[in-house]
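So the structure is just underneath, and the comments pick up after that.
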Amino acid sequence: MPVIEIRGVASQTSRFLPYQDEDLDIILLEWLRSQGITIASSCDGEGVCKKCDIQNGWLTCELTLRSFLERQPDGRIQIGYL
Ligand code: FES
């Protein structure tokens, strides 16, 4: 089963989260939260606060799992505060 790797820069740890085809069209912010990953946000996905960014300034509230994987095929997400 394919996985998304969540790499916490602060903690220097990784979590590996399996996903399925039916998850691919879920907004990345929502999917990460459903997996127990805390993502910073003060606009709750409106695309305004810019706190939900991951590497390269990508906003998790503006990507689906599929569009994230098109940009980052290895499925690795680095989050500085985790
Ligand atoms: S949650 Fe605010 S910009 Fe993404």
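Ligands are numbered from 1 in the order shown, chains are lettered A, B, ... in the order of the structure tokens, and residues start at 1 in each chain.
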Exercise. Within 8 Å of ligand 1, which residues show up when you count only C-alpha atoms and all ligand atoms? List them as a ChimeraX atom specification, please.
Key: /A:29,40-53,59-62
Write the residues of the preceding selection, restricted to N, CA, C and O atoms, as an mmCIF file, in the first residue's frame.
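Result file follows (out-v1.cif):
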data_model
loop_
_atom_site.group_PDB
_atom_site.id
_atom_site.type_symbol
_atom_site.label_atom_id
_atom_site.label_comp_id
_atom_site.auth_asym_id
_atom_site.auth_seq_id
_atom_site.Cartn_x
_atom_site.Cartn_y
_atom_site.Cartn_z
ATOM 1 N N LEU A 29 -5.231 18.991 3.529
ATOM 2 C CA LEU A 29 -5.395 19.455 4.916
ATOM 3 C C LEU A 29 -6.365 18.551 5.675
ATOM 4 O O LEU A 29 -6.076 18.115 6.798
ATOM 5 N N ALA A 40 -1.173 23.584 11.165
ATOM 6 C CA ALA A 40 -1.513 24.940 11.585
ATOM 7 C C ALA A 40 -2.513 25.566 10.618
ATOM 8 O O ALA A 40 -2.433 25.361 9.400
ATOM 9 N N SER A 41 -3.448 26.306 11.155
ATOM 10 C CA SER A 41 -4.448 26.998 10.342
ATOM 11 C C SER A 41 -5.208 27.961 11.229
ATOM 12 O O SER A 41 -5.575 27.619 12.345
ATOM 13 N N SER A 42 -5.428 29.168 10.730
ATOM 14 C CA SER A 42 -6.339 30.051 11.440
ATOM 15 C C SER A 42 -7.500 30.484 10.554
ATOM 16 O O SER A 42 -8.380 31.195 11.005
ATOM 17 N N CYS A 43 -7.493 30.059 9.285
ATOM 18 C CA CYS A 43 -8.625 30.404 8.411
ATOM 19 C C CYS A 43 -9.457 29.170 8.079
ATOM 20 O O CYS A 43 -10.402 29.258 7.300
ATOM 21 N N ASP A 44 -9.085 28.035 8.655
ATOM 22 C CA ASP A 44 -9.809 26.777 8.475
ATOM 23 C C ASP A 44 -10.022 26.411 7.007
ATOM 24 O O ASP A 44 -11.108 26.031 6.590
ATOM 25 N N GLY A 45 -8.961 26.558 6.218
ATOM 26 C CA GLY A 45 -8.998 26.086 4.837
ATOM 27 C C GLY A 45 -9.502 27.077 3.818
ATOM 28 O O GLY A 45 -9.782 26.707 2.684
ATOM 29 N N GLU A 46 -9.576 28.346 4.172
ATOM 30 C CA GLU A 46 -10.052 29.368 3.236
ATOM 31 C C GLU A 46 -8.949 29.859 2.296
ATOM 32 O O GLU A 46 -9.210 30.656 1.401
ATOM 33 N N GLY A 47 -7.717 29.447 2.531
ATOM 34 C CA GLY A 47 -6.616 29.878 1.680
ATOM 35 C C GLY A 47 -6.120 31.274 1.987
ATOM 36 O O GLY A 47 -5.446 31.898 1.161
ATOM 37 N N VAL A 48 -6.406 31.777 3.176
ATOM 38 C CA VAL A 48 -6.071 33.151 3.536
ATOM 39 C C VAL A 48 -4.860 33.227 4.474
ATOM 40 O O VAL A 48 -3.963 34.044 4.279
ATOM 41 N N CYS A 49 -4.817 32.382 5.479
ATOM 42 C CA CYS A 49 -3.822 32.558 6.547
ATOM 43 C C CYS A 49 -2.415 32.114 6.142
ATOM 44 O O CYS A 49 -1.434 32.564 6.703
ATOM 45 N N LYS A 50 -2.323 31.207 5.195
ATOM 46 C CA LYS A 50 -1.030 30.677 4.708
ATOM 47 C C LYS A 50 -0.258 29.895 5.775
ATOM 48 O O LYS A 50 0.922 29.629 5.599
ATOM 49 N N LYS A 51 -0.905 29.545 6.871
ATOM 50 C CA LYS A 51 -0.223 28.802 7.934
ATOM 51 C C LYS A 51 -0.135 27.307 7.644
ATOM 52 O O LYS A 51 0.615 26.598 8.302
ATOM 53 N N CYS A 52 -0.915 26.831 6.701
ATOM 54 C CA CYS A 52 -0.967 25.387 6.436
ATOM 55 C C CYS A 52 0.047 24.964 5.393
ATOM 56 O O CYS A 52 -0.071 23.883 4.821
ATOM 57 N N ASP A 53 1.044 25.817 5.145
ATOM 58 C CA ASP A 53 1.995 25.504 4.090
ATOM 59 C C ASP A 53 2.953 24.387 4.501
ATOM 60 O O ASP A 53 3.245 24.185 5.676
ATOM 61 N N LEU A 59 0.163 25.091 -0.086
ATOM 62 C CA LEU A 59 -0.861 25.135 0.953
ATOM 63 C C LEU A 59 -1.641 23.835 0.961
ATOM 64 O O LEU A 59 -2.207 23.437 -0.067
ATOM 65 N N THR A 60 -1.696 23.188 2.111
ATOM 66 C CA THR A 60 -2.399 21.906 2.185
ATOM 67 C C THR A 60 -3.896 22.065 1.971
ATOM 68 O O THR A 60 -4.564 21.115 1.599
ATOM 69 N N CYS A 61 -4.423 23.281 2.174
ATOM 70 C CA CYS A 61 -5.859 23.488 1.951
ATOM 71 C C CYS A 61 -6.179 23.704 0.481
ATOM 72 O O CYS A 61 -7.355 23.758 0.112
ATOM 73 N N GLU A 62 -5.163 23.851 -0.363
ATOM 74 C CA GLU A 62 -5.390 24.081 -1.788
ATOM 75 C C GLU A 62 -4.976 22.889 -2.646
ATOM 76 O O GLU A 62 -5.044 22.976 -3.867
#
Find the residues of stretch 49-70 of chain A that sit at most 10 Å from stretch 22-27 of chain A; for each, write down the nearest two atoms and how far apart they are in Å, to one decimal. Count only C-alpha atoms. Sort by chain, then by number going up, and give it as a tab-separated table.
residue	atom	partner	partner_atom	distance
A:Thr60	CA	A:Ile27	CA	7.2
A:Cys61	CA	A:Ile27	CA	6.2
A:Glu62	CA	A:Ile27	CA	7.0
A:Leu63	CA	A:Ile27	CA	5.7
A:Thr64	CA	A:Ile27	CA	4.1
A:Leu65	CA	A:Leu24	CA	4.8
A:Arg66	CA	A:Leu24	CA	4.7
A:Ser67	CA	A:Leu24	CA	8.2
A:Phe68	CA	A:Leu24	CA	9.2
A:Leu69	CA	A:Leu24	CA	8.9
Self-check item: Using only C-alpha atoms: which of A:Val3, A:Ile77, A:Leu82, A:Ile54 has the shortest distance to A:Asp21
Solution: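 Under the stated criterion, the closest residue is A:Val3.
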Quiz item: Between A:Tyr81, A:Ser34, A:Gly75, A:Asn56, which has the minimum distance to A:Gly8 (counting only C-alpha atoms)?
Solution: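 Result for the nearest residue to A:Gly8: A:Tyr81.
Coordinates place atom CA of A:Pro73 at a distance of 14.4 Å from atom CA of A:Leu28.
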Self-check item: Near-A:Arg15 list (12 Å; only C-alpha atoms; drop same-chain fewer than 2 positions) as a ChimeraX atom specification
Solution: /A:3-9,11-13,17-18,32,35-37,75-79,82
Using N, CA and C atoms, can you write the selected residues to a file as a PDB file, in the first residue's frame?
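Written file, out-v8.pdb:
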ATOM      1  N   VAL A   3       2.274   5.056   0.707  1.00  0.00           N
ATOM      2  CA  VAL A   3       2.258   5.835   1.950  1.00  0.00           C
ATOM      3  C   VAL A   3       2.676   7.284   1.698  1.00  0.00           C
ATOM      4  N   ILE A   4       2.207   8.139   2.575  1.00  0.00           N
ATOM      5  CA  ILE A   4       2.697   9.509   2.693  1.00  0.00           C
ATOM      6  C   ILE A   4       3.619   9.526   3.904  1.00  0.00           C
ATOM      7  N   GLU A   5       4.821  10.075   3.727  1.00  0.00           N
ATOM      8  CA  GLU A   5       5.740  10.219   4.845  1.00  0.00           C
ATOM      9  C   GLU A   5       5.618  11.629   5.406  1.00  0.00           C
ATOM     10  N   ILE A   6       5.349  11.728   6.685  1.00  0.00           N
ATOM     11  CA  ILE A   6       5.326  13.021   7.368  1.00  0.00           C
ATOM     12  C   ILE A   6       6.624  13.143   8.142  1.00  0.00           C
ATOM     13  N   ARG A   7       7.462  14.054   7.698  1.00  0.00           N
ATOM     14  CA  ARG A   7       8.764  14.240   8.336  1.00  0.00           C
ATOM     15  C   ARG A   7       8.696  15.484   9.220  1.00  0.00           C
ATOM     16  N   GLY A   8       8.817  15.296  10.527  1.00  0.00           N
ATOM     17  CA  GLY A   8       8.834  16.412  11.461  1.00  0.00           C
ATOM     18  C   GLY A   8      10.250  16.933  11.592  1.00  0.00           C
ATOM     19  N   VAL A   9      10.455  18.165  11.177  1.00  0.00           N
ATOM     20  CA  VAL A   9      11.801  18.742  11.221  1.00  0.00           C
ATOM     21  C   VAL A   9      12.223  18.971  12.672  1.00  0.00           C
ATOM     22  N   SER A  11      11.173  17.502  15.459  1.00  0.00           N
ATOM     23  CA  SER A  11      11.326  16.259  16.223  1.00  0.00           C
ATOM     24  C   SER A  11      12.272  15.265  15.565  1.00  0.00           C
ATOM     25  N   GLN A  12      12.621  15.517  14.298  1.00  0.00           N
ATOM     26  CA  GLN A  12      13.478  14.603  13.542  1.00  0.00           C
ATOM     27  C   GLN A  12      12.898  13.186  13.520  1.00  0.00           C
ATOM     28  N   THR A  13      11.571  13.116  13.399  1.00  0.00           N
ATOM     29  CA  THR A  13      10.919  11.813  13.314  1.00  0.00           C
ATOM     30  C   THR A  13      10.034  11.775  12.065  1.00  0.00           C
ATOM     31  N   LEU A  17       2.015   7.158   6.597  1.00  0.00           N
ATOM     32  CA  LEU A  17       0.564   7.044   6.584  1.00  0.00           C
ATOM     33  C   LEU A  17       0.115   6.397   5.284  1.00  0.00           C
ATOM     34  N   PRO A  18      -0.452   5.207   5.341  1.00  0.00           N
ATOM     35  CA  PRO A  18      -0.945   4.579   4.111  1.00  0.00           C
ATOM     36  C   PRO A  18      -2.198   5.280   3.596  1.00  0.00           C
ATOM     37  N   LEU A  32      -4.836  14.963   6.168  1.00  0.00           N
ATOM     38  CA  LEU A  32      -3.817  14.921   7.218  1.00  0.00           C
ATOM     39  C   LEU A  32      -4.460  14.987   8.596  1.00  0.00           C
ATOM     40  N   GLN A  35      -5.839  11.845   9.741  1.00  0.00           N
ATOM     41  CA  GLN A  35      -4.802  10.883  10.120  1.00  0.00           C
ATOM     42  C   GLN A  35      -4.138  11.252  11.447  1.00  0.00           C
ATOM     43  N   GLY A  36      -4.657  12.305  12.086  1.00  0.00           N
ATOM     44  CA  GLY A  36      -4.121  12.709  13.375  1.00  0.00           C
ATOM     45  C   GLY A  36      -2.931  13.644  13.301  1.00  0.00           C
ATOM     46  N   ILE A  37      -2.675  14.208  12.119  1.00  0.00           N
ATOM     47  CA  ILE A  37      -1.569  15.147  11.954  1.00  0.00           C
ATOM     48  C   ILE A  37      -2.098  16.564  12.179  1.00  0.00           C
ATOM     49  N   GLY A  75       5.939  11.346  -2.107  1.00  0.00           N
ATOM     50  CA  GLY A  75       4.970  11.399  -1.024  1.00  0.00           C
ATOM     51  C   GLY A  75       5.508  11.917   0.305  1.00  0.00           C
ATOM     52  N   ARG A  76       6.623  12.613   0.276  1.00  0.00           N
ATOM     53  CA  ARG A  76       7.246  13.080   1.516  1.00  0.00           C
ATOM     54  C   ARG A  76       6.809  14.517   1.811  1.00  0.00           C
ATOM     55  N   ILE A  77       6.328  14.737   3.026  1.00  0.00           N
ATOM     56  CA  ILE A  77       5.933  16.066   3.484  1.00  0.00           C
ATOM     57  C   ILE A  77       6.800  16.426   4.677  1.00  0.00           C
ATOM     58  N   GLN A  78       7.454  17.586   4.593  1.00  0.00           N
ATOM     59  CA  GLN A  78       8.238  18.065   5.739  1.00  0.00           C
ATOM     60  C   GLN A  78       7.467  19.199   6.410  1.00  0.00           C
ATOM     61  N   ILE A  79       7.342  19.092   7.730  1.00  0.00           N
ATOM     62  CA  ILE A  79       6.636  20.119   8.491  1.00  0.00           C
ATOM     63  C   ILE A  79       7.575  20.578   9.599  1.00  0.00           C
ATOM     64  N   LEU A  82       6.658  20.203  13.515  1.00  0.00           N
ATOM     65  CA  LEU A  82       6.343  18.884  14.085  1.00  0.00           C
ATOM     66  C   LEU A  82       7.616  18.189  14.544  1.00  0.00           C
TER      67      LEU A  82
END
